[in-house]
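Undergrad: A single structure is presented below for examination.
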Amino acid sequence: MTEVGRVRAERVEVRRSRDLILDAAEHHYTDHQADPTMSELAQLAGVGSATLYRRFPSISDVIEALYERHFSYHQAIVDAMLAQPTGWDGVVTLITGIAAMVLEHPAVPRVTRKMLELFPDLRHGSRWDGPLRDVTARAHAEGALRPDVDTNDLTLAAFRLGEYNYLPEAARARIVARQAAIVLDGVRAGADRTELPGAAISTEELQSYLHTPMR
């Protein structure tokens, strides 16, 4: 094997073992609150302990890398939202996209909270605050989104839809689709609505809740 071929093969192996470790960590955090030990994670991933420590020196490093992977899922949803022709289409894309992401990757909320415990100054999702506000404002200006609903109402509702991952797979898609339609009708303008109780959830308030230690 040439030197170039050897380097390429090593890079493929690094990427493969790294993905195995992150997949195993995601599977663990889907069902467990407590962190795995490094030896447990190596066993779950089917890699040797030495390989695990070369890729990730600690569980904290694994959490950070898994968070970055999840961050890319979030970014793809925001990109798709911004590509929509109307504000309302953006709202629909945001809600259905977040719900689908959490259904497929139910560890996302738990990993996010763990990342915030590791980095207390981190403001999760702050880079998306502007685009989300813009799409919400467009939907309001179109008269499509009820005026008392704001961006945080939309994202919180979307994450709630993602919590239906415990349902049997055969029924999950149908139930989530119906619930998504109910949520979207609930935030759509143009019909008689029950006034929302209390004040809107501010971004600062939501950030404080995200940083509350998990039990």
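Residues are referred to by chain and number: the chain letter is A, B, ... according to the order shown in the structure tokens, the number counts from 1 in that chain, and ligands are numbered separately from 1 in the order shown.
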Got a sec: who's within 10 Å of Ser39 of chain A, counting only C-alpha atoms, leaving out chain neighbours fewer than 5 positions off, as a list in words?
TA: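 Residues near the query, excluding close chain neighbours: Leu44, Ala45, Val47, Gly48, Ser49, Ala50, Leu52 and Tyr53 of chain A.
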Undergrad: Those same residues, written as a tab-separated table (two decimals), in the first residue's frame with N, CA and C atoms?
TA:
```tsv
chain	number	residue	atom	x	y	z
A	44	LEU	N	-20.19	-0.94	24.31
A	44	LEU	CA	-21.38	-0.63	23.51
A	44	LEU	C	-21.02	-0.35	22.05
A	45	ALA	N	-19.89	0.31	21.85
A	45	ALA	CA	-19.49	0.69	20.50
A	45	ALA	C	-18.78	-0.44	19.76
A	47	VAL	N	-15.60	-1.26	20.22
A	47	VAL	CA	-14.23	-0.85	19.94
A	47	VAL	C	-13.39	-1.10	21.20
A	48	GLY	N	-12.10	-1.15	21.02
A	48	GLY	CA	-11.22	-1.32	22.16
A	48	GLY	C	-11.11	-0.05	22.98
A	49	SER	N	-10.77	-0.21	24.25
A	49	SER	CA	-10.63	0.96	25.13
A	49	SER	C	-9.57	1.92	24.61
A	50	ALA	N	-8.49	1.37	24.06
A	50	ALA	CA	-7.42	2.24	23.55
A	50	ALA	C	-7.94	3.09	22.39
A	52	LEU	N	-11.07	3.99	21.90
A	52	LEU	CA	-11.98	4.99	22.46
A	52	LEU	C	-11.21	6.18	23.02
A	53	TYR	N	-10.17	5.91	23.81
A	53	TYR	CA	-9.42	7.00	24.43
A	53	TYR	C	-8.65	7.83	23.39
```
Undergrad: Can you pull out the residues contacting Ala139 of chain A? Cut-off 6 Å, using only C-alpha atoms, and skip same-chain residues under 4 positions away; I want them as JSON, numbers by chain.
TA: {"A": [87, 88, 144, 145]}
Undergrad: Considering only C-alpha atoms, tabulate each residue of segment 61-144 of chain A that lies at most 6 Å from segment 153-168 of chain A along with its nearest interatomic pair and the corresponding distance in Å to one decimal; arrange the rows by chain and ascending residue number and present them as a tab-separated table.
TA:
```
residue	atom	partner	partner_atom	distance
A:Ile95	CA	A:Ala158	CA	4.8
A:Ile98	CA	A:Ala158	CA	5.7
A:Ala99	CA	A:Gly162	CA	4.2
A:Val102	CA	A:Gly162	CA	4.7
A:Leu103	CA	A:Gly162	CA	4.8
```
Undergrad: Hey, what's within 12 Å of Ser202 of chain A if we count only C-alpha atoms and toss same-chain stuff fewer than 5 positions away? As a PDB file with N, CA and C atoms, in the first residue's frame, please?
TA:
```
ATOM      1  N   ASP A 129     -31.553  32.546  16.773  1.00  0.00           N
ATOM      2  CA  ASP A 129     -32.565  33.461  17.310  1.00  0.00           C
ATOM      3  C   ASP A 129     -33.066  34.426  16.240  1.00  0.00           C
ATOM      4  N   ARG A 133     -36.871  34.494  14.650  1.00  0.00           N
ATOM      5  CA  ARG A 133     -37.704  35.689  14.856  1.00  0.00           C
ATOM      6  C   ARG A 133     -38.181  36.248  13.521  1.00  0.00           C
ATOM      7  N   VAL A 149     -48.757  34.182  19.472  1.00  0.00           N
ATOM      8  CA  VAL A 149     -47.805  33.070  19.450  1.00  0.00           C
ATOM      9  C   VAL A 149     -46.442  33.600  19.024  1.00  0.00           C
ATOM     10  N   ASP A 150     -45.398  33.249  19.783  1.00  0.00           N
ATOM     11  CA  ASP A 150     -44.060  33.688  19.392  1.00  0.00           C
ATOM     12  C   ASP A 150     -43.176  32.479  19.090  1.00  0.00           C
ATOM     13  N   THR A 151     -41.929  32.765  18.781  1.00  0.00           N
ATOM     14  CA  THR A 151     -41.002  31.722  18.330  1.00  0.00           C
ATOM     15  C   THR A 151     -40.828  30.617  19.360  1.00  0.00           C
ATOM     16  N   ASN A 152     -40.676  30.971  20.624  1.00  0.00           N
ATOM     17  CA  ASN A 152     -40.464  29.952  21.645  1.00  0.00           C
ATOM     18  C   ASN A 152     -41.693  29.067  21.828  1.00  0.00           C
ATOM     19  N   ASP A 153     -42.877  29.614  21.617  1.00  0.00           N
ATOM     20  CA  ASP A 153     -44.079  28.781  21.635  1.00  0.00           C
ATOM     21  C   ASP A 153     -43.982  27.701  20.554  1.00  0.00           C
ATOM     22  N   LEU A 156     -41.130  25.015  21.437  1.00  0.00           N
ATOM     23  CA  LEU A 156     -41.538  24.155  22.549  1.00  0.00           C
ATOM     24  C   LEU A 156     -42.606  23.163  22.118  1.00  0.00           C
ATOM     25  N   GLN A 207     -33.685  29.993  28.314  1.00  0.00           N
ATOM     26  CA  GLN A 207     -32.277  29.633  28.551  1.00  0.00           C
ATOM     27  C   GLN A 207     -32.048  29.244  30.003  1.00  0.00           C
ATOM     28  N   SER A 208     -32.693  29.950  30.912  1.00  0.00           N
ATOM     29  CA  SER A 208     -32.507  29.622  32.335  1.00  0.00           C
ATOM     30  C   SER A 208     -33.047  28.236  32.649  1.00  0.00           C
ATOM     31  N   TYR A 209     -34.150  27.867  32.010  1.00  0.00           N
ATOM     32  CA  TYR A 209     -34.705  26.529  32.233  1.00  0.00           C
ATOM     33  C   TYR A 209     -33.786  25.452  31.654  1.00  0.00           C
TER      34      TYR A 209
END
```
Undergrad: From the list A:Ile63, A:Val176, A:Val187, A:Ile201, which residue is nearest Arg110 of chain A when using only C-alpha atoms?
TA: A:Ile63
Undergrad: Of the candidates A:Ala76, A:Ala24, A:Leu116, A:Ala137, which shows the shortest atom-to-atom distance to Gly97 of chain A, using only C-alpha atoms?
TA: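 Under the stated criterion, the closest residue is A:Ala76.
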